[in-house]
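Undergrad: Handing you a structure now.
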Amino acid sequence: MNNPAKQQNARTAITPTREQDFPEWYQEVVKAADMAENSPVRGSMIIKPYGWALWENMTRIFDAWLKDYGIQNAYFPLLIPVSFLAKEAEHVEGFAKECAVVTHHRLEKGPKGGLVPAEAAKLEEPYVIRPTSETIIGDAMARWVQSYRDLPLKLNQWNNVMRWEMRTRLFLRTSEFLWHEGHCAFETAKEAEADTLHVMGLYKRFFEEYLAFTGFVGPKTAEERFPGAINTIGFEAMMQDGKALQAATTHDLGQNFSKSIGIKFQGRDGKEAFAHTTSWAYSTRTLGGMIMMHGDDDGMIMPPRVAPVQVIVLPVIKDEAGAGALMDFCNKIADDLKKAGVAVKVDSRDMRTPDKMWEAVKKGIPVRVEVGQREMEANSVTFVRRDLGKDSKTTCTVPEFLAKVSGVLDDVHNGLLSRNRKFRDDNTFDGKGVSDIKDFFAAGKMGFVRVPVETLKDEALEKVKDEFKLSTRCMPFEDEGKKVLIAKSY
RNA sequence: CGGGGUGUAGCUCAGCCUGGUAGAGCGCUACGUUCGGGACGUAGAGGCCGAAGGUUCGAAUCCUUUCACCCCGACCA
C-alpha cells in the first residue's frame, strides 16, 4: 500500500467500483462521461452536449424507422386540462398523484417581496403538465376520425413529459424526461394488437442492432399494465446488478380511451363504431439503462452505432518542433475516416496526453487511435478498443486501418451485445414456484427468476414480493407465455 | 405526508460544542519540467459562511423565524 506506483496501476477510473456500490458507480459514470448533471430544478436534469449527442443519435435513427412504418410526427400541447385527464377512470387513478398542476397565469409582487401567483389570475380550470398525452391526442383524434377511411391514424411526437416522482436519479427517473410517444387509432382490435407487436419488434431490433442492449420481451401481468390499457408489452432489460429496467413499452388501449373520449367513426357497414387505440414509448431512461448495461469500472462504453464519437485520434506530441507535421498527419487520417462515414474527432487540445486518454476512456469512445512520431514515420496508427482495454493495442498501416475500421466498430458492437446476452442468460434462473423465488432472494442472489405463470395464482407470492421488494416483469414471448419473470427493479 | 439530516470557494467538506473577523483537498489561471494507461514544482485567482431578525464591544459559531435541498418509506417510463 505504500507503493504509490502500484496503487496507481490498480486504480480504476471510477470510484467506487460496480462491486463496491453500484448506484453510486452509476452516478459517477454519468458525471465522468460528462453526459448530464443535476439542475437547480428539483428532480430535473441538465443533459450536457455529450449526453445529448447520444440521445440525438438514438432518436434520429429510430424516427426514420417510425416514418418507414407510416407514422406521422405531430405536436400537441404541453398543458392538458384537468378534465381531459379525468376522462378515463383507470388513467386518472394512475397519474393523478404525480401531476404538476398549473393554476395561475400571472405573477405579482408578494407581501413579503418576491413573486407570487396573482389571485386574480387564477385559472378557472387548472392544467396539468402532461405526464403522457393519451387524453389530449385522443381529443384531437375524436374530431379527426369520422369514417373508417380516416383510419388507421398513426401519430408520434418527440417531446418531454413530467411526472412528479418522489425519488429521482439522472436518466433513470427524473421528474421531467424526454421520450417519443406514439399514438395510433385503428378500425379493428386485431390491427391495434398487431401495432403493439410490430412496434415492440422495432424497439427490440433497434435496441439490439444499434444500442447492443438486450432484454426480455413479453406482456406484462394485469396489475403491471399501463393505467387504462388492456395489454402492455414490455422490454425488460437486466442491469449489471441483476435488477430489471423497463426500457420500452407498447400498450393496447382497446376501446377504453376511444369510448371515454369519443373516438368514433362510421364503419364499412354504416354503423357507428369506436376506434381501437394504442400508445408506445421509450425514454431517456433507456440511455441510463445503456450506461448500467455497458459501463465498466473505467466508465461508460458507448455502443458504436450510436456513439457521438466513434473514433478519437490522439496526437502524442513529444517535441514541439514536430507537432505541426504530426497534427497534419492526424487531420489527414480524420478526413479519410470522415469520408468513410466514421464519426471521428481529433483531440488537439493543449493538454497532457494521459489526461486526454482517460477522458476518452471515461466517455466510452469505442476506438482510440494514438499517433506519435513512430506512427507518422511508418504511415501507421496504434489503436485500442474501449471494450477490451489496453491489451487490445494494435498497430497497423493507415490504409489497413481505414479498410478495417468499420469492421472493428462492428466487432465492438457484437462483443457488447453477446457479452450482455450472456450476462442476462447467466443471471436468469428457472424456478418451480414461490418457494424457489423466496430461496433465491433470501440467499442474497440477484437476477431474474423465471417461474411458470401458474405461480401468479399462488397467494403466497404477494408476501414474498413484499418481503424482497420484487415485481413481476413480463411473460416472455420466447416462453410462449408459459413463464413469468420475477425480479427487483428500477 | 411520516421519520432523519444538511446549507461555508466551481465541487466535496472542515471550522460551530467552548463567539475574536475564513480553511483544506480537488478543480481553475500563469510559468517551468513533463506527455505512448491518471505528473510534479513554484506563484496566483476565487467565499459579505442559505435568508431575515435578535443577543453581544464583537456572530459562520449562540437564540428565534424562514426558505431550500438531501436521505429512508409508499409510487413510478
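A note on labels: chains of the C-alpha cells are A, B, ... as shown, every chain counts residues from 1, and ligands are counted from 1 in their shown order.
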Please report as JSON lines every residue of chain B lying within 9 Å of chain A, along with the nearest atom pair and their distance in Å (one decimal), using only C-alpha atoms (C1' of nucleotides).
TA:
```
{"residue": "B:U34", "atom": "C1'", "partner": "A:Arg352", "partner_atom": "CA", "distance": 8.5}
{"residue": "B:C35", "atom": "C1'", "partner": "A:Arg352", "partner_atom": "CA", "distance": 5.1}
{"residue": "B:G36", "atom": "C1'", "partner": "A:Val316", "partner_atom": "CA", "distance": 7.0}
{"residue": "B:G37", "atom": "C1'", "partner": "A:Lys390", "partner_atom": "CA", "distance": 7.1}
{"residue": "B:G38", "atom": "C1'", "partner": "A:Pro354", "partner_atom": "CA", "distance": 6.5}
{"residue": "B:C69", "atom": "C1'", "partner": "A:Arg42", "partner_atom": "CA", "distance": 8.5}
{"residue": "B:C75", "atom": "C1'", "partner": "A:Glu165", "partner_atom": "CA", "distance": 7.6}
{"residue": "B:C76", "atom": "C1'", "partner": "A:Glu165", "partner_atom": "CA", "distance": 6.7}
{"residue": "B:A77", "atom": "C1'", "partner": "A:Ser283", "partner_atom": "CA", "distance": 6.3}
```
Undergrad: I'd like the neighbourhood of A:Ala212 as a compact mmCIF listing (two decimals) with N, CA and C atoms, in the first residue's frame, where a residue qualifies if any of its atoms comes within 7 Å (using only C-alpha atoms (C1' of nucleotides)), though same-chain residues fewer than 4 positions away should be ignored.
TA:
```txt
# COMPACT_ATOMS: atom_id res chain seq x y z
N PHE A 207 -32.88 -1.69 -30.31
CA PHE A 207 -32.05 -1.81 -29.10
C PHE A 207 -30.88 -2.76 -29.34
N GLU A 208 -31.16 -3.88 -29.99
CA GLU A 208 -30.10 -4.86 -30.18
C GLU A 208 -29.12 -4.44 -31.28
N PRO A 303 -22.02 2.16 -27.21
CA PRO A 303 -22.26 1.25 -28.33
C PRO A 303 -21.93 2.00 -29.63
N HIS A 413 -19.43 -3.63 -31.26
CA HIS A 413 -20.88 -3.78 -31.10
C HIS A 413 -21.24 -5.23 -30.77
N LEU A 416 -20.14 -6.33 -27.29
CA LEU A 416 -21.01 -5.83 -26.22
C LEU A 416 -22.31 -6.62 -26.18
N LEU A 417 -22.89 -6.82 -27.35
CA LEU A 417 -24.19 -7.49 -27.42
C LEU A 417 -24.10 -8.92 -26.90
```
Undergrad: So that I can see what lies close to A:Glu119, please list as number ranges by chain the residues with an atom at most 10 Å from it, counting only C-alpha atoms (C1' of nucleotides) and leaving out residues fewer than 4 positions away in the same chain.
TA: A: 103-108, 123
Undergrad: If we count only C-alpha atoms (C1' of nucleotides), what is near B:G53 at a cut-off of 12 Å, once residues fewer than 2 positions away on the same chain are taken out, given as a ChimeraX atom specification?
TA: /B:51,55,63-66
Undergrad: Using the chain letters and numbers from this document, which residues of stretch 256-483 of chain A does DSSP assign to strand (DSSP E), as a PyMOL selection string?
TA: chain A and resi 264-266+272-274+276-283+311-315+344-346+367-371+380-385+394-397+428-430+448-452+471-472+483
Undergrad: Which residues are near B:U8? Cut-off 8 Å, only C-alpha atoms (C1' of nucleotides), ignore same chain within fewer than 4 positions. Put them as a VMD selection string.
TA: chain B and resid 47 49 60
Undergrad: What is the atom CA of A:Thr455 to atom CA of A:Ile437 distance in Å?
TA: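 It comes out at 10.1 Å.
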Undergrad: For atom CA of A:Val484 and atom CA of A:Pro452, determine how far apart the two atoms are, in Å to one decimal place.
TA: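 Spanning atom CA of A:Val484 to atom CA of A:Pro452 is a straight-line distance of 6.1 Å.
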Undergrad: Using only C-alpha atoms (C1' of nucleotides), can you tell me which of B:G5, B:G32, B:C62, B:C72 comes closest to B:U18?
TA: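 Smallest distance to B:U18 is found for B:C62.
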Undergrad: Enter the distance from atom CA of A:Val41 to atom CA of A:Arg60, in Å, rounded to one decimal.
TA: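 Straight-line distance from atom CA of A:Val41 to atom CA of A:Arg60 works out to 27.6 Å.
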Undergrad: Which is closer to A:Lys243 than all the others in A:Ala33, A:Val306, A:Met292, A:Ala121, using only C-alpha atoms?
TA: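 The closest residue to A:Lys243 is A:Met292.
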